[in-house]
Structure formats: C-alpha cells, structure tokens
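> To be precise about what I am sending: the file is called coords_32.cif and holds mmCIF, C-alpha atoms and all ligand atoms.
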data_coords
loop_
_atom_site.label_atom_id
_atom_site.label_comp_id
_atom_site.auth_asym_id
_atom_site.auth_seq_id
_atom_site.Cartn_x
_atom_site.Cartn_y
_atom_site.Cartn_z
CA MET A 45 72.06 146.53 10.16
CA THR A 46 69.48 149.18 10.92
CA GLU A 47 69.12 148.11 14.55
CA LEU A 48 72.79 148.78 15.14
CA PHE A 49 72.59 152.50 14.59
CA HIS A 50 71.33 154.55 17.49
CA PHE A 51 69.82 157.86 16.48
CA PRO A 52 70.37 160.63 19.03
CA GLU A 53 67.42 161.30 21.35
CA ASN A 54 65.09 164.07 20.12
CA SER A 55 66.84 164.19 16.76
CA PRO A 56 64.62 164.73 13.69
CA SER A 57 65.48 161.17 12.56
CA LYS A 58 64.36 159.61 15.83
CA ASN A 59 61.20 161.72 16.02
CA TRP A 60 60.25 160.79 12.48
CA ILE A 61 60.73 157.07 13.14
CA GLU A 62 58.52 157.39 16.22
CA GLN A 63 55.79 158.87 14.04
CA ALA A 64 55.67 155.57 12.12
CA SER A 65 55.13 153.66 15.37
CA LEU A 66 52.27 156.01 16.18
CA GLY A 67 50.69 155.36 12.80
CA HIS A 68 51.17 158.87 11.38
CA ILE A 69 52.27 157.77 7.94
CA PRO A 70 51.93 160.26 5.08
CA HIS A 71 51.53 158.74 1.62
CA ALA A 72 54.43 160.58 -0.05
CA GLN A 73 57.48 161.86 1.76
CA LEU A 74 60.67 163.57 0.64
CA ILE A 75 63.55 162.80 3.00
CA VAL A 76 66.41 165.26 2.57
CA SER A 77 69.87 164.69 3.97
CA LYS A 78 73.40 165.37 2.76
CA ASN A 79 75.27 162.75 0.80
CA GLY A 80 76.60 160.17 3.27
CA GLY A 81 74.08 161.34 5.87
CA LEU A 82 71.37 159.73 7.97
CA ALA A 83 68.62 159.33 5.34
CA TRP A 84 69.25 155.66 4.57
CA PRO A 85 69.46 154.23 8.10
CA ALA A 86 66.45 156.35 9.10
CA VAL A 87 64.40 155.15 6.12
CA GLN A 88 65.40 151.52 6.71
CA ARG A 89 64.26 151.71 10.32
CA TYR A 90 61.05 153.51 9.33
CA VAL A 91 60.19 150.87 6.71
CA GLN A 92 60.96 148.09 9.18
CA ILE A 93 58.26 149.45 11.47
CA LEU A 94 55.80 149.57 8.54
CA ILE A 95 56.31 145.98 7.42
CA CYS A 96 56.79 144.17 10.76
CA ALA A 97 53.66 143.04 12.59
CA GLN A 98 55.50 143.55 15.90
CA GLY A 99 56.50 147.13 15.15
CA GLY A 100 60.03 146.43 13.91
CA CYS A 101 61.14 143.53 16.13
CA GLY A 102 64.26 142.72 14.11
CA ARG A 103 63.73 138.94 14.50
CA CYS A 104 60.69 137.92 12.44
CA ASP A 105 60.72 136.80 8.80
CA ALA A 106 59.57 140.19 7.56
CA CYS A 107 62.37 141.98 9.42
CA THR A 108 64.96 139.50 8.14
CA GLN A 109 63.77 139.86 4.56
CA HIS A 110 63.83 143.62 4.93
CA ARG A 111 67.35 143.56 6.35
CA ASN A 112 68.48 141.82 3.16
CA LEU A 113 66.56 144.32 1.00
CA ALA A 114 64.39 141.39 -0.08
CA HIS A 115 60.96 142.05 1.45
CA PRO A 116 58.35 141.43 -1.28
CA ASP A 117 56.42 144.61 -0.45
CA VAL A 118 59.38 146.97 -0.31
CA HIS A 119 60.57 148.10 -3.72
CA TYR A 120 63.80 149.99 -4.33
CA PHE A 121 64.39 152.39 -7.17
CA PHE A 122 67.76 153.99 -7.75
CA PRO A 123 69.66 155.44 -10.71
CA VAL A 124 71.43 153.02 -13.04
CA ILE A 125 73.33 153.34 -16.30
CA ALA A 126 71.03 154.84 -18.90
CA SER A 127 72.12 152.71 -21.79
CA ALA A 128 69.52 152.04 -24.46
CA SER A 129 70.82 148.56 -25.21
CA ALA A 130 70.84 147.34 -21.61
CA GLY A 131 67.27 148.46 -20.91
CA GLY A 132 67.57 147.24 -17.34
CA GLY A 133 66.27 149.14 -14.38
CA SER A 134 66.65 148.89 -10.62
CA ASP A 135 65.21 145.35 -10.73
CA VAL A 136 68.07 144.17 -12.94
CA PHE A 137 70.70 145.92 -10.80
CA LEU A 138 69.18 144.83 -7.48
CA PRO A 139 71.88 142.20 -6.70
CA GLU A 140 74.62 144.85 -7.15
CA PHE A 141 72.63 147.31 -5.11
CA ARG A 142 72.12 144.83 -2.23
CA ASN A 143 75.81 144.12 -2.19
CA PHE A 144 76.65 147.82 -2.27
CA MET A 145 74.29 148.62 0.60
CA LYS A 146 75.72 145.80 2.69
CA PHE A 147 79.00 147.69 2.84
CA ASN A 148 77.61 151.23 2.66
CA LYS A 149 75.14 151.93 5.47
CA PHE A 150 75.49 155.65 4.73
CA PRO A 151 75.91 155.47 0.98
CA VAL A 152 77.78 158.15 -0.93
CA VAL A 153 76.50 158.70 -4.49
CA ARG A 154 79.97 158.75 -6.03
CA ASN A 155 80.64 155.27 -4.64
CA TRP A 156 77.45 153.85 -6.16
CA ILE A 157 78.45 155.28 -9.53
CA ASP A 158 81.88 153.68 -9.07
CA ALA A 159 80.22 150.37 -8.17
CA LEU A 160 78.34 150.57 -11.48
CA ASP A 161 81.63 151.37 -13.21
CA ALA A 162 79.79 154.31 -14.73
CA SER A 163 81.88 157.40 -14.02
CA GLN A 164 81.76 158.38 -17.69
CA LYS A 165 78.12 157.45 -18.25
CA VAL A 166 74.69 158.90 -17.60
CA VAL A 167 73.25 157.42 -14.41
CA GLN A 168 69.54 158.07 -13.98
CA ILE A 169 66.05 156.75 -13.21
CA SER A 170 64.31 156.15 -16.52
CA VAL A 171 60.72 156.64 -17.60
CA LYS A 172 60.36 152.86 -17.80
CA GLU A 173 61.14 152.74 -14.11
CA ALA A 174 58.49 155.32 -13.33
CA LYS A 175 55.97 153.16 -15.17
CA ARG A 176 57.05 150.17 -13.09
CA MET A 177 56.45 152.19 -9.92
CA GLY A 178 52.85 152.75 -10.93
CA ASN A 179 52.37 149.06 -11.78
CA ILE A 180 53.73 147.91 -8.45
CA LEU A 181 51.44 150.20 -6.52
CA SER A 182 48.36 148.94 -8.37
CA LEU A 183 49.03 145.32 -7.25
CA THR A 184 47.96 143.95 -3.87
CA ALA A 185 50.60 143.67 -1.18
CA HIS A 186 51.91 140.12 -0.60
CA SER A 187 51.55 140.46 3.13
CA GLY A 188 48.26 142.35 3.04
CA GLY A 189 50.01 145.24 4.78
CA TYR A 190 51.87 148.26 3.47
CA LYS A 191 53.43 148.53 0.06
CA VAL A 192 56.51 150.74 0.10
CA LEU A 193 58.48 152.39 -2.67
CA VAL A 194 61.91 153.69 -1.70
CA ILE A 195 63.32 155.98 -4.38
CA TRP A 196 66.94 157.03 -3.93
CA LEU A 197 67.98 160.23 -5.73
CA PRO A 198 64.75 161.55 -7.29
CA GLU A 199 66.99 164.40 -8.49
CA ARG A 200 68.36 161.92 -11.01
CA MET A 201 64.98 161.12 -12.56
CA HIS A 202 64.64 161.66 -16.25
CA GLU A 203 62.14 164.51 -16.72
CA SER A 204 59.44 162.35 -18.29
CA ALA A 205 59.98 159.81 -15.50
CA ALA A 206 59.41 162.53 -12.91
CA ASN A 207 56.20 163.57 -14.67
CA LYS A 208 55.00 159.98 -14.67
CA LEU A 209 55.76 159.64 -10.97
CA LEU A 210 53.73 162.78 -10.42
CA LYS A 211 50.61 160.99 -11.66
CA THR A 212 51.27 158.18 -9.18
CA LEU A 213 51.62 160.71 -6.37
CA GLU A 214 48.37 162.39 -7.36
CA GLU A 215 46.31 159.20 -7.11
CA PRO A 216 47.39 157.58 -3.86
CA GLU A 217 46.40 153.94 -3.44
CA ASP A 218 45.41 152.69 -0.04
CA LYS A 219 48.22 151.54 2.30
CA THR A 220 51.01 152.67 0.02
CA VAL A 221 53.97 154.75 1.10
CA ILE A 222 56.41 156.44 -1.26
CA LEU A 223 59.70 157.58 0.27
CA LEU A 224 62.00 159.74 -1.84
CA LEU A 225 65.56 160.14 -0.51
CA SER A 226 67.25 163.21 -1.89
CA HIS A 227 70.63 164.87 -1.35
CA ASP A 228 69.80 167.75 -3.65
CA GLU A 229 66.28 168.95 -2.97
CA GLU A 230 66.48 171.90 -5.36
CA ALA A 231 67.07 169.52 -8.26
CA VAL A 232 63.86 167.56 -7.62
CA LEU A 233 60.94 168.53 -9.86
CA GLY A 234 59.00 171.27 -8.05
CA THR A 235 55.61 169.64 -8.64
CA ILE A 236 56.89 166.44 -7.03
CA ARG A 237 58.22 168.36 -4.04
CA SER A 238 54.92 170.12 -3.55
CA ARG A 239 53.07 166.79 -3.31
CA CYS A 240 55.39 165.34 -0.68
CA GLN A 241 55.71 165.95 3.00
CA THR A 242 59.34 167.05 3.38
CA LEU A 243 61.61 166.01 6.20
CA TYR A 244 65.10 167.42 6.73
CA LEU A 245 67.64 165.25 8.48
CA PRO A 246 70.57 167.38 9.71
CA PRO A 247 74.11 165.97 9.99
CA LEU A 248 74.83 163.65 12.87
CA GLY A 249 77.51 166.16 13.92
CA ARG A 250 81.28 165.84 14.22
CA GLY A 251 81.30 164.94 17.91
CA ASN A 252 78.74 162.19 17.39
CA VAL A 253 80.58 160.88 14.35
CA GLU A 254 83.79 160.72 16.40
CA ARG A 255 82.11 158.80 19.23
CA TRP A 256 80.39 156.48 16.76
CA LEU A 257 83.69 155.69 15.01
CA ILE A 258 85.28 154.82 18.36
CA ASP A 259 82.37 152.98 20.02
CA GLU A 260 80.76 151.19 17.08
CA ARG A 261 83.55 150.95 14.53
CA ARG A 262 86.26 150.30 17.19
CA MET A 263 88.48 152.90 15.61
CA ASP A 264 91.65 154.29 17.12
CA ALA A 265 90.82 157.58 18.88
CA ASN A 266 93.32 159.69 16.93
CA GLN A 267 92.14 158.41 13.60
CA ALA A 268 88.50 158.92 14.62
CA LYS A 269 89.31 162.51 15.50
CA VAL A 270 90.94 163.20 12.16
CA LEU A 271 88.20 161.52 10.12
CA SER A 272 85.30 163.10 12.00
CA SER A 273 86.87 166.53 11.65
CA LEU A 274 86.91 166.08 7.88
CA SER A 275 83.43 164.53 7.65
CA ALA A 276 81.24 167.67 7.89
CA GLY A 277 79.35 165.65 10.51
CA GLU A 278 78.13 162.97 8.09
CA PRO A 279 79.17 159.42 8.98
CA GLY A 280 79.22 158.27 5.34
CA ILE A 281 81.79 160.92 4.46
CA ALA A 282 84.07 159.82 7.32
CA LEU A 283 83.87 156.20 6.13
CA ASP A 284 84.39 157.27 2.54
CA PHE A 285 87.68 158.96 3.48
CA LEU A 286 88.69 155.94 5.56
CA GLU A 287 88.12 153.56 2.67
CA ASN A 288 89.48 155.89 0.04
CA ARG A 289 92.54 157.31 1.74
CA GLU A 290 94.14 157.90 -1.65
CA ARG A 291 91.56 160.65 -2.26
CA LEU A 292 93.10 162.64 0.60
CA ILE A 293 96.72 162.16 -0.47
CA PRO A 294 96.78 164.91 -3.14
CA LEU A 295 95.07 167.25 -0.69
CA ALA A 296 97.68 166.59 1.98
CA GLU A 297 100.55 166.88 -0.50
CA HIS A 298 99.31 170.17 -1.88
CA PHE A 299 98.68 171.61 1.57
CA VAL A 300 102.24 170.85 2.67
CA GLU A 301 103.65 172.25 -0.57
CA TRP A 302 101.50 175.37 -0.23
CA LEU A 303 102.82 176.17 3.23
CA ARG A 304 106.41 175.60 2.12
CA LEU A 305 106.13 177.82 -0.96
CA ALA A 306 104.32 180.59 0.92
CA PHE A 307 106.90 180.47 3.70
CA LYS A 308 109.78 180.69 1.21
CA LYS A 309 107.88 183.43 -0.67
CA ASP A 310 108.49 181.44 -3.85
CA LEU A 311 106.18 183.24 -6.26
CA ALA A 312 107.11 181.18 -9.33
CA GLY A 313 106.54 177.99 -7.36
CA LEU A 314 103.19 179.27 -6.14
CA GLN A 315 102.13 180.01 -9.69
CA LEU A 316 102.80 176.41 -10.71
CA TRP A 317 101.00 175.23 -7.60
CA VAL A 318 97.95 177.33 -8.49
CA ASP A 319 97.91 175.81 -11.99
CA GLN A 320 97.69 172.34 -10.49
CA VAL A 321 94.95 173.07 -7.96
CA ALA A 322 92.92 175.12 -10.47
CA ALA A 323 92.76 172.03 -12.69
CA TRP A 324 90.88 170.03 -10.04
CA ASN A 325 87.11 169.92 -10.00
CA ARG A 326 85.15 172.18 -7.63
CA GLU A 327 84.30 169.40 -5.24
CA GLN A 328 87.96 168.52 -4.85
CA GLN A 329 88.87 172.18 -4.40
CA ARG A 330 86.31 172.56 -1.63
CA ASP A 331 87.55 169.35 0.02
CA PHE A 332 91.05 170.78 -0.13
CA LEU A 333 90.08 174.04 1.58
CA ILE A 334 88.23 172.20 4.37
CA PHE A 335 91.14 169.81 4.80
CA SER A 336 93.62 172.72 4.93
CA GLY A 337 91.56 174.56 7.53
CA GLU A 338 91.48 171.51 9.75
CA VAL A 339 95.23 170.90 9.48
CA LEU A 340 95.94 174.57 10.25
CA SER A 341 93.86 174.36 13.42
CA GLN A 342 95.72 171.21 14.34
CA LEU A 343 99.08 172.94 13.82
CA GLU A 344 98.03 175.69 16.18
CA ARG A 345 96.97 173.16 18.80
CA LYS A 346 100.27 171.37 18.26
CA ARG A 347 102.10 174.60 19.08
CA HIS A 348 100.29 174.59 22.43
CA HIS A 349 100.90 170.85 22.91
CA ALA A 350 97.13 170.40 22.93
CA LEU A 351 96.84 168.07 19.96
CA ARG A 352 95.81 164.41 20.23
CA GLY A 353 95.90 163.17 16.64
CA PHE A 354 97.60 164.95 13.76
CA ALA A 355 95.97 164.50 10.34
CA LEU A 356 99.27 164.36 8.47
CA ASP A 357 100.52 161.48 10.66
CA TRP A 358 98.10 159.44 8.57
CA PHE A 359 100.37 160.07 5.56
CA PRO A 360 103.84 158.84 6.49
CA GLU A 361 104.80 159.07 2.80
CA ILE A 362 104.59 162.87 2.96
CA THR A 363 107.53 164.59 4.60
CA PHE A 364 106.62 167.65 6.58
CA ASN A 365 108.35 169.47 9.41
CA ALA A 366 105.21 169.72 11.52
CA ASP A 367 106.98 170.91 14.68
CA GLY A 368 108.85 173.60 12.77
CA PHE A 369 105.67 174.94 11.18
CA ALA A 370 103.70 174.60 14.40
CA LYS A 371 106.18 177.00 16.07
CA LEU A 372 105.34 179.62 13.44
CA MET A 373 101.60 179.35 13.96
CA ASP A 374 100.72 182.11 16.37
CA HIS A 375 97.07 182.89 16.87
CA GLN A 376 97.07 186.01 14.69
CA LYS A 377 98.58 184.18 11.72
CA VAL A 378 96.18 181.26 11.99
CA LEU A 379 93.22 183.62 12.20
CA LEU A 380 94.30 185.36 9.00
CA MET A 381 94.86 182.04 7.24
CA HIS A 382 91.44 180.73 8.28
CA GLN A 383 89.83 183.88 6.94
CA THR A 384 91.67 183.35 3.66
CA LEU A 385 90.49 179.74 3.40
CA ASP A 386 86.89 180.62 4.29
CA ASP A 387 86.77 183.35 1.66
CA ALA A 388 88.23 181.03 -0.93
CA HIS A 389 85.67 178.36 -0.02
CA LYS A 390 82.83 180.84 -0.53
CA ASP A 391 84.25 182.03 -3.85
CA ILE A 392 84.66 178.48 -5.15
CA GLY A 393 81.03 177.82 -4.19
CA ARG A 394 80.05 180.91 -6.19
CA ASN A 395 81.91 179.63 -9.25
CA VAL A 396 84.53 182.38 -9.20
CA ASN A 397 87.50 181.52 -11.43
CA ALA A 398 89.55 178.99 -9.44
CA ARG A 399 92.91 180.28 -10.67
CA LEU A 400 92.13 183.75 -9.32
CA VAL A 401 90.79 182.42 -6.05
CA PHE A 402 93.84 180.27 -5.32
CA PHE A 403 96.29 182.89 -6.51
CA ASP A 404 94.76 185.50 -4.20
CA ALA A 405 94.73 183.03 -1.36
CA SER A 406 98.40 182.22 -2.00
CA LEU A 407 99.40 185.88 -1.80
CA LEU A 408 97.52 186.28 1.48
CA LEU A 409 99.13 183.14 2.85
CA MET A 410 102.54 184.51 1.90
CA LYS A 411 101.74 187.76 3.65
CA ALA A 412 100.64 185.91 6.78
CA PHE A 413 104.12 184.39 7.24
ZN ZN B 1 59.82 142.03 12.92
#
Would you mind writing the file out in structure tokens?
Ligand SMILES: [Zn+2]


Amino acid sequence: MTELFHFPENSPSKNWIEQASLGHIPHAQLIVSKNGGLAWPAVQRYVQILICAQGGCGRCDACTQHRNLAHPDVHYFFPVIASASAGGGSDVFLPEFRNFMKFNKFPVVRNWIDALDASQKVVQISVKEAKRMGNILSLTAHSGGYKVLVIWLPERMHESAANKLLKTLEEPEDKTVILLLSHDEEAVLGTIRSRCQTLYLPPLGRGNVERWLIDERRMDANQAKVLSSLSAGEPGIALDFLENRERLIPLAEHFVEWLRLAFKKDLAGLQLWVDQVAAWNREQQRDFLIFSGEVLSQLERKRHHALRGFALDWFPEITFNADGFAKLMDHQKVLLMHQTLDDAHKDIGRNVNARLVFFDASLLLMKAF
C-alpha cells in the first residue's frame, strides 16, 4: 500500500520521510494536510521506517504487519461514535478502521463518518482513549524498538481528552513517537500544538493528481482531467468524487440551470434557483462554485476547440447544449463570470448570507450574457 505511492522529489513529504531514515525523530509531531491529502501515506511510510529493522523494506514480518495496520507497537487512535452505552474506543472499532483504510489510502473524514453510520452523531476521541494512550506508552515495546501512536484528527478530541494527552506529551518516554494527523490545525488545543513539531504537507497538485490517476489508477485521460481539476490538488478528493458521483449531480444540474435562466433573463426562475442553492450547506455551496468555475473554463476552451474532456459529458442524464453555450463564451464574458464566482466563493467563506451572495451572483451572470 504505502510503497505504491511515490512522493514527488524534494516535496515536504519526501524530505520528512528521509529524516526518519537519518534518525531525526522528534517525540511529538503534528502533521497537517488538507482532508484527502498526503498525510496518511506519508505517515504510513514514516512509521514503516521506524518499525522495520531494514529501514522499511516492505517484505519483512514487521512491514507486513504494519501494512495491515496490525503491528503490535503501532497504535491507532481515531474518532468514533461518542455514545455512553457503547463505551468502545478505537480498539473496538479497529476492524472497521482497517477495512476503511484498505479502500481509502487518502481518507476523507466525511467517508469515515459515513462508514460509522454516524452522520447524525457526535464523533470524537474520548477521555478514556487519552488515558489508554498514556497506558500504552508506559508499557515496553513488543519488538524492543519504537512505540508509535498515530492519532487521526486531534481536532476531534474531547477537551478533557486533549488535556490528558498534554500530560503524556510533557513526559516523553524513551523511544516513543506520537504522530498527530490534523486537517484543521486551528481547532487543535493550542497547548498541544506548542508541544509538537509541526509539519505542513501541501497538496500534491492538480497536474500530479491527473498523472497519478492515469498512471497508477489506469484512469481514462478525460476523466482524470475532469476529476483532478475538481480535486483542489488532493488525491483523496478526486477519488471521493469518483466514488461518489452522485454528490456532483446536483452541482452539475444547478450549474446548467443557472446558465439557462441567466441567459433567458428569467428573474423569477433565478429567484427559485437561489432558494434551492441557499438551502445547501456551506461546503456544498463552495463545491458548487469551484465546479462552476471549472466548467466555465472548459466551455471557453471548447469554443476554441482546445478541450480534451468535458466535465458534463460525465453526466449523460443532464441535457445541456454545450456547443451552443460555448459559442457565447467570449473571453470578456468568461472573465466577468470567473470574477463573480471568485467573489461569491470568498463571501461564502466569510459566512455572508448565502441567499444574498447567490442572488447578486445571478444578477451579474445575467448581465454578462
Ligand atoms: Zn521491513
């Protein structure tokens, strides 16, 4: 699994992994990447080097155990359903987690919550779990080597759990490594952050995601282009869209409808449209604006016959006169529309009222035609 992913030369991920080979191994580290980013494969490779006597050979017993998330000295902590009656922690949910990770090399938080069937529940790392972390670290390692704690989403630690972990961080045991993987650094307790060495792993990048989808995932070039363009450069997000195409359908439908209504200058229709989009959550609204921007750029390239794969071809169930609209997309119009989408994206991020944002954007789109 981990051996299959090749980190780009001189990337922060690759440099960090090399530090492990050189024996520069800080006791507590906070690894920050975006959701669906490189944190997990980088951490898995890093830990492999720590626990393998041959520096991460990929063939020995230790490497095999590690590949199956079953090495006795590597302990995983992750948020689970905080239900008082269940009382189970990461140890109880480990089989589910192993199965999830088998199919999610670049896990997306939302998909883990779905796997737990917990979309309506509190999903967190409990204080009991923090206690267990301390207990594990006080025991001797099975192999006599490193003991490793991998904690996914420290931002989802219950406050008293975070305070308990703090004690563990303050009294480092010999040959122990604590790796915290976060997608929301600001939400991690400040005192925990200040005791960790922090590493930022930037996105893999759209171009690299596209090549990876084609070379490693054997994906059709057009589809790889569409997915990478929507991925924000994170491979997990591209895979998430691939496996959850239905999440993109409402975005595609509403984009097509938006163009039609703005072109017809149908104000009443636009008002109804705004009502629908304003009812989505912020994350979905941002996805929509990014998706729309990408399709607009593609329409402009289509006008110049410079387009390889068209995003909406992925949705044969949606009727759209792409060639007709492409003809209308001169550079000036597209520029104005992109500006409108960018501004809307910023406003949504700033929590401006969504109805206002999308209504304004609709008027500007109408004007652009
Ligand atoms: Zn090995």

> Taking only C-alpha atoms and all ligand atoms into account, which residues are within 7 Å of ligand ZN 1 (chain B), as a list in words?

Cys96, Ala97, Gln98, Gly99, Gly100, Cys101, Gly102, Arg103, Cys104, Asp105, Ala106 and Cys107 of chain A

> Print the selection's residues with C-alpha atoms to a file, as a PDB file, keeping the file's coordinate frame.


ATOM      1  CA  CYS A  96      56.790 144.170  10.760  1.00  0.00           C
ATOM      2  CA  ALA A  97      53.660 143.040  12.590  1.00  0.00           C
ATOM      3  CA  GLN A  98      55.500 143.550  15.900  1.00  0.00           C
ATOM      4  CA  GLY A  99      56.500 147.130  15.150  1.00  0.00           C
ATOM      5  CA  GLY A 100      60.030 146.430  13.910  1.00  0.00           C
ATOM      6  CA  CYS A 101      61.140 143.530  16.130  1.00  0.00           C
ATOM      7  CA  GLY A 102      64.260 142.720  14.110  1.00  0.00           C
ATOM      8  CA  ARG A 103      63.730 138.940  14.500  1.00  0.00           C
ATOM      9  CA  CYS A 104      60.690 137.920  12.440  1.00  0.00           C
ATOM     10  CA  ASP A 105      60.720 136.800   8.800  1.00  0.00           C
ATOM     11  CA  ALA A 106      59.570 140.190   7.560  1.00  0.00           C
ATOM     12  CA  CYS A 107      62.370 141.980   9.420  1.00  0.00           C
TER      13      CYS A 107
END

> Report as lines of an AutoDock Vina configuration file the centre and the edge lengths, in Å to one decimal, of the axis-aligned box holding every listed atom of stretch 149-158 of chain A, padded by 3 Å on each side.


center_x = 78.5
center_y = 155.3
center_z = -2.0
size_x = 12.7
size_y = 12.8
size_z = 21.0

> Expressed in Å to a single decimal, how great is the separation between atom CA of A:Gln92 and atom CA of A:Ala185?

15.3 Å

> What's around stretch 157-168 of chain A at 12 Å? Count all atoms listed in the file, leave out sequence neighbours fewer than 2 positions away in its own chain, and write the answer as number ranges by chain.

A: 121-128, 132-134, 137-145, 147-148, 151-155, 170-174, 195-206

> Considering only C-alpha atoms, state which residue in the set A:Leu183, A:Ala323, A:Leu292, A:Leu409 is at the smallest distance from A:Leu340.

A:Leu409

> Please, what distance in Å, to one decimal, runs between atom CA of A:Leu225 and atom CA of A:Glu327?

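Those two atoms sit 21.4 Å apart.
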
> Would you please work out which residue, of A:Gln315, A:His382, A:Lys308, A:Leu303, is nearest to A:Ser341 when using only C-alpha atoms?

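The closest residue to A:Ser341 is A:His382.
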
> Just want the 9 Å neighbourhood of A:Lys411, counted on all atoms listed in the file, with same-chain residues fewer than 4 positions away dropped. Output as a PyMOL selection string.

chain A and resi 306-307+309+406-407

> Please provide as number ranges by chain all residues within 9 Å of A:Leu271, with the sequence filter that same-chain residues fewer than 4 positions apart are discarded (counting all atoms listed in the file).

A: 253-254, 257, 266-267, 275, 281-283, 285-286, 355

> What does the structure give for the distance between atom CA of A:Tyr90 and atom CA of A:Ile61, in Å to one decimal?

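Atom-to-atom, atom CA of A:Tyr90 and atom CA of A:Ile61 are spaced 5.2 Å apart.
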
> Under the rule that all atoms listed in the file are counted, which of A:Leu379, A:Ile95, A:Val221, A:Leu316 is the nearest residue to A:Ile69?

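Closest residue, counting all atoms listed in the file: A:Val221.
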